[in-house]
>>> print(open('query-v1.cif').read())   # mmCIF, C-alpha atoms
data_input
loop_
_atom_site.label_atom_id
_atom_site.label_comp_id
_atom_site.auth_asym_id
_atom_site.auth_seq_id
_atom_site.Cartn_x
_atom_site.Cartn_y
_atom_site.Cartn_z
CA ARG A 28 -62.51 100.07 111.22
CA GLY A 29 -62.09 100.32 114.99
CA THR A 30 -58.84 101.21 116.67
CA ARG A 31 -57.14 98.34 118.45
CA GLY A 32 -54.36 98.53 120.97
CA SER A 33 -51.02 97.90 119.36
CA SER A 34 -49.55 96.38 122.50
CA SER A 35 -49.68 92.76 123.52
CA PRO A 36 -52.80 91.34 125.26
CA THR A 37 -51.04 91.38 128.64
CA ARG A 38 -50.10 95.03 128.31
CA ALA A 39 -53.58 95.89 127.03
CA ARG A 40 -55.08 94.60 130.28
CA LEU A 41 -52.74 96.82 132.31
CA GLU A 42 -53.52 100.02 130.45
CA PRO A 43 -56.38 102.15 131.85
CA LEU A 44 -59.64 101.96 129.91
CA CYS A 45 -62.06 104.73 129.12
CA CYS A 46 -65.78 104.20 129.60
CA CYS A 47 -66.24 102.90 126.04
CA GLU A 48 -63.20 100.61 125.84
CA TYR A 49 -62.96 96.97 126.84
CA ILE A 50 -60.79 93.90 126.56
CA ASP A 51 -62.39 91.50 124.11
CA ARG A 52 -62.38 87.71 124.23
CA THR A 53 -59.10 87.59 122.31
CA GLY A 54 -57.37 89.68 124.98
CA GLU A 55 -57.06 92.84 122.86
CA LYS A 56 -58.32 96.34 123.57
CA ASN A 57 -61.42 97.31 121.60
CA HIS A 58 -63.93 100.16 121.44
CA LEU A 59 -67.73 100.23 121.37
CA VAL A 60 -67.66 102.30 118.19
CA ALA A 61 -65.98 99.35 116.45
CA CYS A 62 -68.67 96.85 117.48
CA PHE A 63 -69.74 96.36 113.84
CA CYS A 64 -66.21 96.23 112.45
CA ASP A 65 -63.62 93.51 112.03
CA CYS A 66 -65.89 90.47 112.05
CA GLU A 67 -64.59 88.11 109.42
CA ASP A 68 -67.05 85.33 110.35
CA LEU A 69 -70.03 87.64 109.87
CA ASP A 70 -68.67 88.91 106.54
CA GLU A 71 -68.10 85.35 105.38
CA GLY A 72 -71.57 84.29 106.51
CA CYS A 73 -73.27 87.16 104.68
CA GLU A 74 -71.25 86.50 101.54
CA ARG A 75 -72.16 82.80 101.56
CA TRP A 76 -75.80 83.61 102.23
CA LEU A 77 -75.95 86.03 99.28
CA THR A 78 -74.31 83.46 96.99
CA CYS A 79 -76.57 80.66 98.29
CA LYS A 80 -73.66 78.67 99.71
CA SER A 81 -73.72 76.65 102.91
CA LEU A 82 -71.88 77.95 105.97
CA SER A 83 -68.75 76.25 107.17
CA PRO A 84 -69.07 74.27 110.44
CA GLY A 85 -68.90 76.43 113.56
CA THR A 86 -69.49 79.76 111.76
CA LEU A 87 -72.79 80.52 113.48
CA GLU A 88 -71.32 79.71 116.89
CA ARG A 89 -68.38 82.05 116.30
CA ILE A 90 -70.70 84.82 115.11
CA ALA A 91 -72.87 84.41 118.20
CA ASP A 92 -69.82 84.48 120.49
CA THR A 93 -68.58 87.67 118.83
CA ILE A 94 -71.98 89.38 119.14
CA LEU A 95 -72.31 88.40 122.80
CA ASP A 96 -68.78 89.62 123.52
CA ARG A 97 -69.43 93.02 121.92
CA PHE A 98 -72.85 93.59 123.47
CA ARG A 99 -71.73 96.05 126.16
CA ILE A 100 -72.63 99.37 127.75
CA PRO A 101 -70.25 102.17 128.78
CA TRP A 102 -69.04 102.08 132.39
CA LEU A 103 -66.59 103.90 134.61
CA LYS A 104 -63.57 101.61 134.24
CA GLY A 105 -64.40 100.17 130.86
CA ALA A 106 -67.47 98.93 129.02
CA ILE A 107 -69.14 96.00 130.74
CA LYS A 108 -70.71 93.04 128.96
CA ILE A 109 -74.48 92.56 129.22
CA ASN A 110 -75.95 89.08 129.15
CA ILE A 111 -78.36 89.22 126.23
CA THR A 112 -80.74 86.71 127.86
CA LEU A 113 -81.66 89.39 130.40
CA LEU A 114 -83.36 91.59 127.81
CA PRO A 115 -86.29 89.60 126.29
CA PRO A 116 -88.44 89.64 129.46
CA LEU A 117 -87.84 93.38 129.96
CA VAL A 118 -89.23 94.13 126.51
CA LEU A 119 -91.71 91.36 125.72
CA LEU A 120 -93.58 91.01 129.02
CA PRO A 121 -95.02 94.58 129.13
CA VAL A 122 -95.84 94.43 125.41
CA PHE A 123 -97.68 91.12 125.69
CA LEU A 124 -99.65 92.16 128.79
CA HIS A 125 -100.71 95.49 127.26
CA VAL A 126 -101.78 93.79 124.05
CA ALA A 127 -103.68 91.14 126.05
CA ALA A 128 -105.57 93.91 127.85
CA LEU A 129 -107.11 95.11 124.57
CA HIS A 130 -109.55 92.22 124.20
CA PHE A 131 -110.60 89.05 125.99
CA LEU A 132 -109.64 86.79 123.10
CA LEU A 133 -106.19 88.35 122.85
CA ALA A 134 -105.73 87.76 126.56
CA LEU A 135 -106.77 84.14 126.16
CA VAL A 136 -104.30 83.52 123.33
CA ILE A 137 -101.35 85.34 124.92
CA LEU A 138 -101.78 83.98 128.45
CA THR A 139 -102.08 80.47 127.01
CA SER A 140 -99.04 80.87 124.79
CA LEU A 141 -96.70 82.39 127.38
CA PRO A 142 -96.32 79.23 129.53
CA VAL A 143 -95.81 77.14 126.38
CA VAL A 144 -93.04 79.43 125.14
CA VAL A 145 -91.34 79.51 128.55
CA LEU A 146 -91.45 75.71 128.83
CA TRP A 147 -90.11 75.34 125.28
CA TYR A 148 -87.18 77.63 126.07
CA TYR A 149 -86.54 75.75 129.31
CA TYR A 150 -86.30 72.38 127.56
CA LEU A 151 -84.17 73.94 124.82
CA THR A 152 -81.59 75.29 127.27
CA HIS A 153 -81.78 72.17 129.43
CA ARG A 154 -81.02 69.93 126.47
CA ARG A 155 -78.05 72.08 125.52
CA LYS A 156 -76.82 72.07 129.14
CA GLY A 157 -76.46 75.84 129.07
CA ARG A 158 -76.94 78.41 131.81
CA THR A 159 -79.20 81.36 131.12
CA LEU A 160 -80.37 84.44 133.01
CA PHE A 161 -83.68 84.51 131.12
CA PHE A 162 -85.74 82.87 133.87
CA LEU A 163 -84.17 84.91 136.68
CA SER A 164 -84.77 88.08 134.68
CA LEU A 165 -88.35 87.01 133.93
CA GLY A 166 -89.07 86.27 137.57
CA LEU A 167 -87.58 89.46 139.02
CA PHE A 168 -89.04 91.72 136.33
CA SER A 169 -92.46 90.09 136.72
CA LEU A 170 -92.39 90.90 140.43
CA GLY A 171 -91.37 94.50 139.81
CA TYR A 172 -93.82 95.06 136.98
CA MET A 173 -96.77 93.51 138.83
CA TYR A 174 -95.99 95.74 141.83
CA TYR A 175 -95.78 98.77 139.52
CA VAL A 176 -99.18 98.00 137.94
CA PHE A 177 -100.67 97.48 141.41
CA LEU A 178 -99.45 100.89 142.64
CA ARG A 179 -100.44 102.71 139.45
CA GLU A 180 -103.74 101.08 138.48
CA VAL A 181 -105.20 99.52 141.66
CA VAL A 182 -104.18 101.69 144.62
CA PRO A 183 -105.47 105.01 143.14
CA ARG A 184 -109.01 103.60 143.08
CA GLY A 185 -109.14 104.11 146.84
CA HIS A 186 -110.21 100.62 147.93
CA VAL A 187 -106.76 99.51 149.11
CA GLY A 188 -105.65 100.94 152.44
CA TYR A 189 -102.22 102.14 153.48
CA THR A 190 -101.76 99.16 155.81
CA GLN A 191 -102.49 96.70 153.04
CA VAL A 192 -99.92 98.35 150.77
CA VAL A 193 -97.33 98.18 153.57
CA ILE A 194 -98.07 94.48 154.18
CA LEU A 195 -97.73 93.68 150.47
CA THR A 196 -94.50 95.69 150.23
CA CYS A 197 -93.01 93.98 153.29
CA GLY A 198 -93.88 90.58 151.87
CA LEU A 199 -92.16 91.49 148.61
CA ILE A 200 -89.04 92.73 150.42
CA LEU A 201 -88.84 89.63 152.63
CA MET A 202 -89.20 87.41 149.59
CA LEU A 203 -86.34 89.22 147.82
CA VAL A 204 -84.16 88.86 150.93
CA ALA A 205 -84.87 85.12 151.06
CA LEU A 206 -84.15 84.93 147.32
CA SER A 207 -80.78 86.61 147.81
CA GLN A 208 -79.96 84.01 150.46
CA ALA A 209 -80.99 81.23 148.07
CA LYS A 210 -78.61 82.67 145.47
CA ARG A 211 -75.60 82.08 147.73
CA ASP A 212 -73.23 79.12 147.88
CA PRO A 213 -75.38 75.94 147.92
CA GLY A 214 -72.49 73.90 149.31
CA TYR A 215 -69.95 73.63 146.52
CA LEU A 216 -67.25 71.03 146.95
CA ALA A 217 -63.88 72.53 146.13
CA SER A 218 -62.27 70.73 143.23
CA GLN A 219 -58.80 69.49 144.08
CA MET A 220 -57.59 69.73 140.50
CA SER A 221 -54.89 72.16 139.47
CA ASN A 222 -55.90 75.77 138.96
CA ASP A 223 -55.28 75.71 135.23
CA LYS A 224 -58.16 73.27 134.73
CA SER A 225 -61.82 73.85 135.29
CA PRO A 226 -63.88 71.21 137.17
CA CYS A 227 -65.30 69.95 133.88
CA GLN A 228 -61.96 69.40 132.19
CA GLY A 229 -61.16 65.97 133.52
CA SER A 230 -59.79 64.62 130.28
CA ASN A 231 -59.40 60.96 131.07
CA GLY A 232 -61.73 60.67 134.04
CA LEU A 233 -58.96 59.17 136.18
CA PRO A 234 -57.69 60.50 139.50
CA ASN A 235 -54.24 62.03 139.61
CA ARG A 236 -51.63 61.70 142.28
CA LYS A 237 -51.97 65.25 143.48
CA VAL A 238 -55.65 64.75 144.20
CA LEU A 239 -55.48 61.67 146.36
CA GLY A 240 -51.89 61.67 147.52
CA SER A 241 -51.36 58.15 146.26
CA SER A 242 -49.92 56.70 143.08
CA ASN A 243 -52.72 54.15 143.09
CA GLY A 244 -55.34 56.83 142.52
CA LEU A 245 -58.86 55.78 143.49
CA HIS A 246 -57.57 52.52 144.98
CA GLY A 247 -55.32 54.52 147.29
CA ALA A 248 -58.20 56.74 148.39
CA ALA A 249 -60.32 53.77 149.36
CA VAL A 250 -57.44 51.99 151.10
CA SER A 251 -56.56 55.08 153.12
CA GLY A 252 -60.13 55.20 154.42
CA ILE A 253 -60.02 51.56 155.53
CA ALA A 254 -56.44 51.20 156.73
CA SER A 255 -57.34 52.20 160.27
CA CYS A 256 -59.79 49.33 160.47
CA HIS A 257 -57.08 46.84 159.48
CA ALA A 258 -55.12 47.61 162.65
CA LYS A 259 -58.18 46.64 164.71
CA ASN A 260 -59.09 43.57 162.69
CA ASP A 261 -56.63 40.69 162.17
CA ASP A 262 -59.05 38.63 160.17
CA ALA A 263 -57.74 38.60 156.58
CA LYS A 264 -61.10 37.65 155.11
CA GLY A 265 -62.87 40.44 156.97
CA TYR A 266 -60.29 42.94 155.82
CA SER A 267 -60.57 41.77 152.21
CA ARG A 268 -64.33 42.12 152.32
CA MET A 269 -64.08 45.60 153.82
CA LEU A 270 -61.52 46.58 151.18
CA ALA A 271 -63.76 45.37 148.36
CA GLU A 272 -66.76 47.21 149.80
CA GLY A 273 -64.68 50.34 150.24
CA LEU A 274 -63.49 50.23 146.66
CA ASP A 275 -67.02 49.74 145.35
CA LYS A 276 -68.27 52.62 147.46
CA ALA A 277 -65.39 54.87 146.36
CA LYS A 278 -66.06 54.07 142.71
CA GLU A 279 -69.74 54.90 143.19
CA ASP A 280 -68.99 58.28 144.83
CA TRP A 281 -66.02 59.21 142.62
CA CYS A 282 -66.64 62.25 140.38
CA THR A 283 -64.65 62.02 137.17
CA LYS A 284 -65.30 65.69 136.43
CA CYS A 285 -64.16 67.25 139.70
CA GLN A 286 -61.67 64.46 140.51
CA LEU A 287 -62.85 63.92 144.08
CA ILE A 288 -64.83 61.46 146.19
CA ARG A 289 -68.21 62.97 146.96
CA PRO A 290 -69.70 62.79 150.46
CA PRO A 291 -73.08 61.04 150.84
CA ARG A 292 -75.98 62.64 148.92
CA ALA A 293 -73.69 65.03 147.04
CA GLY A 294 -74.00 65.29 143.28
CA HIS A 295 -72.38 66.88 140.26
CA CYS A 296 -74.30 69.68 138.55
CA ARG A 297 -73.71 69.51 134.81
CA LEU A 298 -74.75 73.16 134.37
CA CYS A 299 -72.51 74.64 137.08
CA GLY A 300 -69.77 72.09 136.41
CA ILE A 301 -69.08 71.37 140.08
CA CYS A 302 -70.19 69.00 142.85
CA VAL A 303 -72.67 70.23 145.47
CA ARG A 304 -73.37 68.86 148.94
CA ARG A 305 -76.82 67.24 149.17
CA LEU A 306 -77.68 68.42 145.68
CA ASP A 307 -81.42 68.73 145.14
CA HIS A 308 -81.57 70.27 141.67
CA HIS A 309 -80.38 73.19 139.57
CA CYS A 310 -83.12 75.83 139.64
CA VAL A 311 -83.29 77.99 136.51
CA TRP A 312 -85.44 80.57 138.32
CA ILE A 313 -82.56 81.53 140.59
CA ASN A 314 -79.83 80.43 138.15
CA ASN A 315 -78.19 78.45 140.93
CA CYS A 316 -78.06 75.01 142.44
CA VAL A 317 -80.23 74.13 145.42
CA GLY A 318 -78.14 72.24 147.94
CA GLU A 319 -77.32 71.79 151.58
CA ARG A 320 -76.63 75.43 152.41
CA ASN A 321 -79.42 77.23 150.54
CA HIS A 322 -82.29 74.70 150.47
CA ARG A 323 -84.04 76.27 153.47
CA ALA A 324 -83.77 79.75 151.96
CA PHE A 325 -85.16 78.40 148.69
CA ILE A 326 -88.23 76.96 150.45
CA LEU A 327 -88.68 80.21 152.39
CA ALA A 328 -88.50 82.29 149.20
CA LEU A 329 -91.11 80.07 147.50
CA SER A 330 -93.43 80.26 150.53
CA LEU A 331 -93.15 84.04 150.80
CA PHE A 332 -93.75 84.40 147.07
CA LEU A 333 -96.95 82.36 147.25
CA LEU A 334 -98.30 84.27 150.26
CA THR A 335 -97.45 87.67 148.77
CA SER A 336 -98.82 86.78 145.35
CA ILE A 337 -102.10 85.43 146.69
CA TYR A 338 -102.51 88.52 148.87
CA GLY A 339 -101.88 90.85 145.91
CA ILE A 340 -104.30 88.90 143.70
CA THR A 341 -106.98 89.14 146.41
CA LEU A 342 -106.54 92.90 146.81
CA THR A 343 -106.67 93.49 143.05
CA LEU A 344 -109.78 91.37 142.45
CA ASP A 345 -111.52 92.95 145.41
CA THR A 346 -110.86 96.36 143.84
CA ILE A 347 -111.81 95.80 140.20
CA CYS A 348 -114.64 93.31 140.92
CA ARG A 349 -116.35 94.87 143.91
CA GLY A 350 -118.70 92.69 145.93
CA GLN A 351 -117.81 89.41 144.23
CA ASN A 352 -116.24 86.30 145.63
CA MET A 353 -112.56 86.05 144.67
CA PHE A 354 -112.89 82.67 142.94
CA ILE A 355 -116.00 83.75 141.04
CA ALA A 356 -114.43 87.09 140.08
CA LEU A 357 -111.43 85.27 138.67
CA PHE A 358 -113.63 83.68 135.98
CA TYR A 359 -116.51 86.13 135.76
CA CYS A 360 -116.01 89.83 136.32
CA PRO A 361 -118.51 91.93 134.30
CA GLU A 362 -117.39 95.18 132.65
CA THR A 363 -113.74 94.32 133.19
CA TYR A 364 -112.81 95.27 129.65
CA ALA A 365 -114.97 98.40 129.71
CA ASP A 366 -111.92 100.48 130.60
CA TYR A 367 -108.28 99.80 129.84
CA SER A 368 -107.08 100.18 133.45
CA SER A 369 -109.37 97.43 134.74
CA ALA A 370 -108.51 95.20 131.76
CA LEU A 371 -104.77 95.57 132.38
CA SER A 372 -105.18 94.85 136.08
CA PHE A 373 -107.33 91.79 135.37
CA THR A 374 -104.80 90.53 132.79
CA CYS A 375 -101.98 90.92 135.32
CA VAL A 376 -104.07 89.03 137.87
CA TRP A 377 -104.37 86.07 135.52
CA TYR A 378 -100.66 86.23 134.73
CA CYS A 379 -99.96 86.11 138.48
CA VAL A 380 -102.35 83.18 138.87
CA ILE A 381 -100.50 81.19 136.20
CA VAL A 382 -97.08 81.92 137.73
CA THR A 383 -98.36 81.26 141.26
CA ALA A 384 -99.84 77.92 140.22
CA GLY A 385 -96.49 76.87 138.75
CA MET A 386 -94.52 77.95 141.80
CA GLY A 387 -97.12 76.34 144.06
CA TYR A 388 -96.60 73.02 142.31
CA ILE A 389 -92.82 73.33 142.75
CA LEU A 390 -93.30 74.12 146.45
CA LEU A 391 -95.68 71.16 146.90
CA ILE A 392 -93.14 68.76 145.37
CA GLN A 393 -90.40 70.21 147.57
CA LEU A 394 -92.45 69.86 150.77
CA LEU A 395 -93.35 66.26 149.94
CA ASN A 396 -89.73 65.41 149.15
CA ILE A 397 -88.63 66.89 152.46
CA SER A 398 -91.29 64.88 154.28
CA TYR A 399 -89.87 61.68 152.73
CA ASN A 400 -86.25 62.87 153.03
CA VAL A 401 -85.49 62.56 149.34
CA THR A 402 -83.99 65.06 146.91
CA GLU A 403 -85.01 65.66 143.32
CA ARG A 404 -81.73 64.15 142.15
CA GLU A 405 -82.20 61.02 144.27
CA ALA A 406 -85.78 60.65 143.02
CA ARG A 407 -84.64 60.80 139.38
CA LEU A 408 -81.88 58.27 140.00
CA ALA A 409 -84.29 55.95 141.82
CA LEU A 410 -86.75 56.05 138.91
CA ARG A 411 -83.96 55.46 136.41
CA GLU A 412 -82.59 52.50 138.35
CA ASP A 413 -86.06 51.26 139.38
CA THR A 414 -85.15 51.33 143.08
CA GLY A 415 -87.87 53.68 144.36
CA ARG A 416 -91.63 53.53 144.69
CA ARG A 417 -94.08 56.19 143.57
CA LEU A 418 -96.45 57.57 146.18
CA LEU A 419 -99.40 59.99 146.23
CA GLY A 420 -100.30 59.43 142.62
CA GLY A 421 -96.72 59.44 141.43
CA ILE A 422 -95.82 63.01 142.42
CA VAL A 423 -93.29 61.85 145.01
CA VAL A 424 -90.74 59.01 144.95
CA ASP A 425 -89.69 57.30 148.17
CA THR A 426 -86.24 55.75 147.93
CA GLY A 427 -86.48 54.39 151.49
CA LYS A 428 -82.78 55.08 152.00
CA TYR A 429 -82.92 58.16 154.23
CA ASN A 430 -86.57 58.21 155.28
CA ARG A 431 -86.76 58.08 159.09
CA GLY A 432 -90.26 59.42 159.66
CA PHE A 433 -91.97 62.77 159.16
CA LEU A 434 -90.70 64.57 162.26
CA TYR A 435 -87.14 63.29 161.96
CA ASN A 436 -86.99 64.19 158.26
CA TRP A 437 -88.15 67.74 158.88
CA GLY A 438 -85.86 68.10 161.86
CA GLN A 439 -82.92 67.06 159.71
CA PHE A 440 -83.94 69.51 156.97
CA LEU A 441 -84.28 72.43 159.38
CA THR A 442 -80.75 71.82 160.63
CA LEU A 443 -79.14 71.56 157.18
CA GLY A 444 -75.77 73.24 157.04
CA SER A 445 -75.35 73.21 160.81
CA PRO A 446 -71.94 72.03 162.07
CA THR A 447 -72.05 68.39 163.11
CA PRO A 448 -70.31 67.32 166.32
CA GLN A 449 -66.97 65.67 165.66
CA ARG A 450 -66.45 62.17 167.02
CA SER A 451 -63.16 60.69 167.97
CA ALA A 452 -61.64 57.67 166.22
CA GLU A 453 -62.21 55.57 169.37
CA ASP A 454 -65.96 56.36 169.29
CA ILE A 455 -66.21 55.45 165.62
CA VAL A 456 -64.37 52.13 166.14
#
>>> encode(input="query-v1.cif", output="structure tokens")
Amino acid sequence: RGTRGSSSPTRARLEPLCCCEYIDRTGEKNHLVACFCDCEDLDEGCERWLTCKSLSPGTLERIADTILDRFRIPWLKGAIKINITLLPPLVLLPVFLHVAALHFLLALVILTSLPVVVLWYYYLTHRRKGRTLFFLSLGLFSLGYMYYVFLREVVPRGHVGYTQVVILTCGLILMLVALSQAKRDPGYLASQMSNDKSPCQGSNGLPNRKVLGSSNGLHGAAVSGIASCHAKNDDAKGYSRMLAEGLDKAKEDWCTKCQLIRPPRAGHCRLCGICVRRLDHHCVWINNCVGERNHRAFILALSLFLLTSIYGITLTLDTICRGQNMFIALFYCPETYADYSSALSFTCVWYCVIVTAGMGYILLIQLLNISYNVTEREARLALREDTGRRLLGGIVVDTGKYNRGFLYNWGQFLTLGSPTPQRSAEDIV
């Protein structure tokens, strides 16, 4: 049985930790040696399984939480927790690619199954509304491993020059820089709830007085935005109409989770649990929302990935299938499986083609949405409410609400996040 700190949880946090100690989810000091000890839920589950009894509700969830909390590695100021969803790509991807390189039929089965498994896991996590680092880990490790195979198996053949390696490396570095920018704040709206509540803990969905500064809650927020117009307009009917419209608009933009009135085009991300300015979608590949502040970096990262990937695929096919057209070599490259090095390189090429095709489709949808000045969230809402029209074979939805022409739409996108000039109250009136 592991040794636990005898002090209170508060004191345990203040005491210095060795490299193998940590503060567990109950607030007590624990040790990595005791990772398999003191787990009543696991003992109960094993006992019920051996006696063929059903588990009590919530037992599996508690066991999973305990395992995830104890999955740590030693560190300088205490053991740090490792997200277990990071590990499957690091282990399975090299194994699958090396097995696929053994025979053509194995490559066909594995490369066909991989996208199906990834899509299944995506829909599984999406339905459970859970965040995962699996896709980010898969994407980053795929980049690193493909680059490693290129340097080890393709470059030594002598058909790839130093300049070409430098160009490919620079493209990879620029893409990672753009990806780091896309991982930053997408434009989160600060929740005005008290600090002891998370943005998703709005229990009754009603505004509080602290949020809006009015005992009338949402009604007070709408009235405060219209009161200035009442001083300029003595017509009671006009004021009543404006008040009604203001209340309807406030109700439409009110977020019951974050307890705030969202600005135009903002939306609440159910995975991040917070509202985002001009929310486009939550991207699992970067494990972050795409919004007003990082949308341009997201498009740049996708574009650089496509260019770098296509360039790497071209160099590899030109090396292992000498003298053949790239498109022909992709489907017919004789003697590819004659040696293991060529088979592994060719398998990695097809893996890159599958990933590039998927990312290319995402980029195409994004470029079309920008051209029509519509976000993914607005397109889904328009289809749900039957207020938009499908264009270009249904791959884009035009809501008609913000579309001002191709050039204007792109000009607005390229200036996203830029400070807007402030207008005085006299100019607005």
>>> closest_atom_pairs(input="query-v1.cif", of="region 95-157 of chain A", to="region 290-303 of chain A", cutoff="10 Å", atoms="all atoms listed in the file", output="Markdown table")
| residue | atom | partner | partner_atom | distance |
| --- | --- | --- | --- | --- |
| A:His153 | CA | A:Leu298 | CA | 8.6 |
| A:Arg155 | CA | A:Leu298 | CA | 9.5 |
| A:Lys156 | CA | A:Leu298 | CA | 5.7 |
| A:Gly157 | CA | A:Leu298 | CA | 6.2 |
>>> residues_around(input="query-v1.cif", residues="Ser368 (chain A)", least_positions_apart="2", cutoff="10 Å", atoms="only C-alpha atoms", output="CSV table (one decimal) with C-alpha atoms, in the coordinates of the input")
chain,number,residue,atom,x,y,z
A,128,ALA,CA,-105.6,93.9,127.8
A,176,VAL,CA,-99.2,98.0,137.9
A,179,ARG,CA,-100.4,102.7,139.4
A,180,GLU,CA,-103.7,101.1,138.5
A,181,VAL,CA,-105.2,99.5,141.7
A,347,ILE,CA,-111.8,95.8,140.2
A,363,THR,CA,-113.7,94.3,133.2
A,364,TYR,CA,-112.8,95.3,129.6
A,365,ALA,CA,-115.0,98.4,129.7
A,366,ASP,CA,-111.9,100.5,130.6
A,370,ALA,CA,-108.5,95.2,131.8
A,371,LEU,CA,-104.8,95.6,132.4
A,372,SER,CA,-105.2,94.8,136.1
A,373,PHE,CA,-107.3,91.8,135.4
A,374,THR,CA,-104.8,90.5,132.8
>>> closest_residue(input="query-v1.cif", among="A:Gly214, A:Gly432, A:Gly198, A:Gly438", to="Ala328 (chain A)", atoms="all atoms listed in the file")
A:Gly198
>>> resolve_selection(input="query-v1.cif", expression="the PyMOL selection byres ((chain A and resi 47-52) around 9)", output="list of chain:residue names")
A:Pro36, A:Ala39, A:Arg40, A:Leu44, A:Cys45, A:Cys46, A:Thr53, A:Gly54, A:Glu55, A:Lys56, A:Asn57, A:His58, A:Leu59, A:Val60, A:Asp92, A:Thr93, A:Asp96, A:Arg97, A:Arg99, A:Ile100, A:Pro101, A:Trp102, A:Leu103, A:Lys104, A:Gly105, A:Ala106, A:Ile107, A:Lys108
>>> closest_residue(input="query-v1.cif", among="A:Ile422, A:Ile392, A:Leu203, A:Leu167", to="Pro116 (chain A)", atoms="all atoms listed in the file")
A:Leu167
>>> residues_around(input="query-v1.cif", residues="Asn315 (chain A)", least_positions_apart="4", cutoff="8 Å", atoms="all atoms listed in the file", output="mmCIF file with C-alpha atoms, keeping the file's coordinate frame")
data_model
loop_
_atom_site.group_PDB
_atom_site.id
_atom_site.type_symbol
_atom_site.label_atom_id
_atom_site.label_comp_id
_atom_site.auth_asym_id
_atom_site.auth_seq_id
_atom_site.Cartn_x
_atom_site.Cartn_y
_atom_site.Cartn_z
ATOM 1 C CA LYS A 210 -78.610 82.670 145.470
ATOM 2 C CA PRO A 213 -75.380 75.940 147.920
ATOM 3 C CA CYS A 299 -72.510 74.640 137.080
ATOM 4 C CA HIS A 309 -80.380 73.190 139.570
ATOM 5 C CA CYS A 310 -83.120 75.830 139.640
ATOM 6 C CA VAL A 311 -83.290 77.990 136.510
#
>>> residues_around(input="query-v1.cif", residues="region 185-191 of chain A", least_positions_apart="2", cutoff="10 Å", atoms="only C-alpha atoms", output="number ranges by chain")
A: 178, 181-183, 193-197, 338-339, 342-343, 345-347, 349
>>> resolve_selection(input="query-v1.cif", expression="the PyMOL selection byres ((chain A and resi 407) around 12)", output="PyMOL selection string")
chain A and resi 307-308+396+401-406+408-417+422-426
>>> atom_distance(input="query-v1.cif", atom1="CA of Thr139 (chain A)", atom2="CA of Leu119 (chain A)")
15.1 Å
>>> atom_distance(input="query-v1.cif", atom1="CA of Arg89 (chain A)", atom2="CA of Leu146 (chain A)")
27.0 Å
>>> resolve_selection(input="query-v1.cif", expression="the PyMOL selection byres ((chain A and resi 120) around 12)", output="PyMOL selection string")
chain A and resi 114-119+121-127+137-138+141+145+164-173+374-375+378
>>> closest_residue(input="query-v1.cif", among="A:Phe161, A:Phe177, A:Tyr150, A:Phe440", to="Asn321 (chain A)", atoms="only C-alpha atoms")
A:Phe440
>>> atom_distance(input="query-v1.cif", atom1="CA of Gly72 (chain A)", atom2="CA of Gly85 (chain A)")
10.9 Å
>>> residues_around(input="query-v1.cif", residues="Thr86 (chain A)", least_positions_apart="4", cutoff="12 Å", atoms="only C-alpha atoms", output="list in words")
Cys66, Glu67, Asp68, Leu69, Asp70, Glu71, Gly72, Cys73, Arg75, Ser81, Leu82, Ile90, Ala91, Asp92 and Thr93 of chain A
>>> write_last_selection(input="query-v1.cif", atoms="C-alpha atoms", output="compact mmCIF listing (two decimals), keeping the file's coordinate frame")
# COMPACT_ATOMS: atom_id res chain seq x y z
CA CYS A 66 -65.89 90.47 112.05
CA GLU A 67 -64.59 88.11 109.42
CA ASP A 68 -67.05 85.33 110.35
CA LEU A 69 -70.03 87.64 109.87
CA ASP A 70 -68.67 88.91 106.54
CA GLU A 71 -68.10 85.35 105.38
CA GLY A 72 -71.57 84.29 106.51
CA CYS A 73 -73.27 87.16 104.68
CA ARG A 75 -72.16 82.80 101.56
CA SER A 81 -73.72 76.65 102.91
CA LEU A 82 -71.88 77.95 105.97
CA ILE A 90 -70.70 84.82 115.11
CA ALA A 91 -72.87 84.41 118.20
CA ASP A 92 -69.82 84.48 120.49
CA THR A 93 -68.58 87.67 118.83
>>> closest_residue(input="query-v1.cif", among="A:Leu163, A:Leu394, A:Leu201, A:Ile326", to="Leu113 (chain A)", atoms="only C-alpha atoms")
A:Leu163
>>> residues_around(input="query-v1.cif", residues="Val382 (chain A)", least_positions_apart="3", cutoff="10 Å", atoms="only C-alpha atoms", output="ChimeraX atom specification")
/A:142,166,169,333,336,376-379,385-387
>>> build_atoms(input="query-v1.cif", residues="region 147-151 of chain A", atoms="N, CA and C atoms", output="mmCIF file, in the frame of the given file")
data_model
loop_
_atom_site.group_PDB
_atom_site.id
_atom_site.type_symbol
_atom_site.label_atom_id
_atom_site.label_comp_id
_atom_site.auth_asym_id
_atom_site.auth_seq_id
_atom_site.Cartn_x
_atom_site.Cartn_y
_atom_site.Cartn_z
ATOM 1 N N TRP A 147 -90.926 75.714 126.451
ATOM 2 C CA TRP A 147 -90.110 75.340 125.280
ATOM 3 C C TRP A 147 -88.684 75.853 125.441
ATOM 4 N N TYR A 148 -88.529 77.085 125.884
ATOM 5 C CA TYR A 148 -87.180 77.630 126.070
ATOM 6 C C TYR A 148 -86.444 76.907 127.184
ATOM 7 N N TYR A 149 -87.177 76.494 128.219
ATOM 8 C CA TYR A 149 -86.540 75.750 129.310
ATOM 9 C C TYR A 149 -85.974 74.426 128.808
ATOM 10 N N TYR A 150 -86.776 73.669 128.072
ATOM 11 C CA TYR A 150 -86.300 72.380 127.560
ATOM 12 C C TYR A 150 -85.184 72.565 126.527
ATOM 13 N N LEU A 151 -85.229 73.672 125.783
ATOM 14 C CA LEU A 151 -84.170 73.940 124.820
ATOM 15 C C LEU A 151 -82.833 74.181 125.521
#
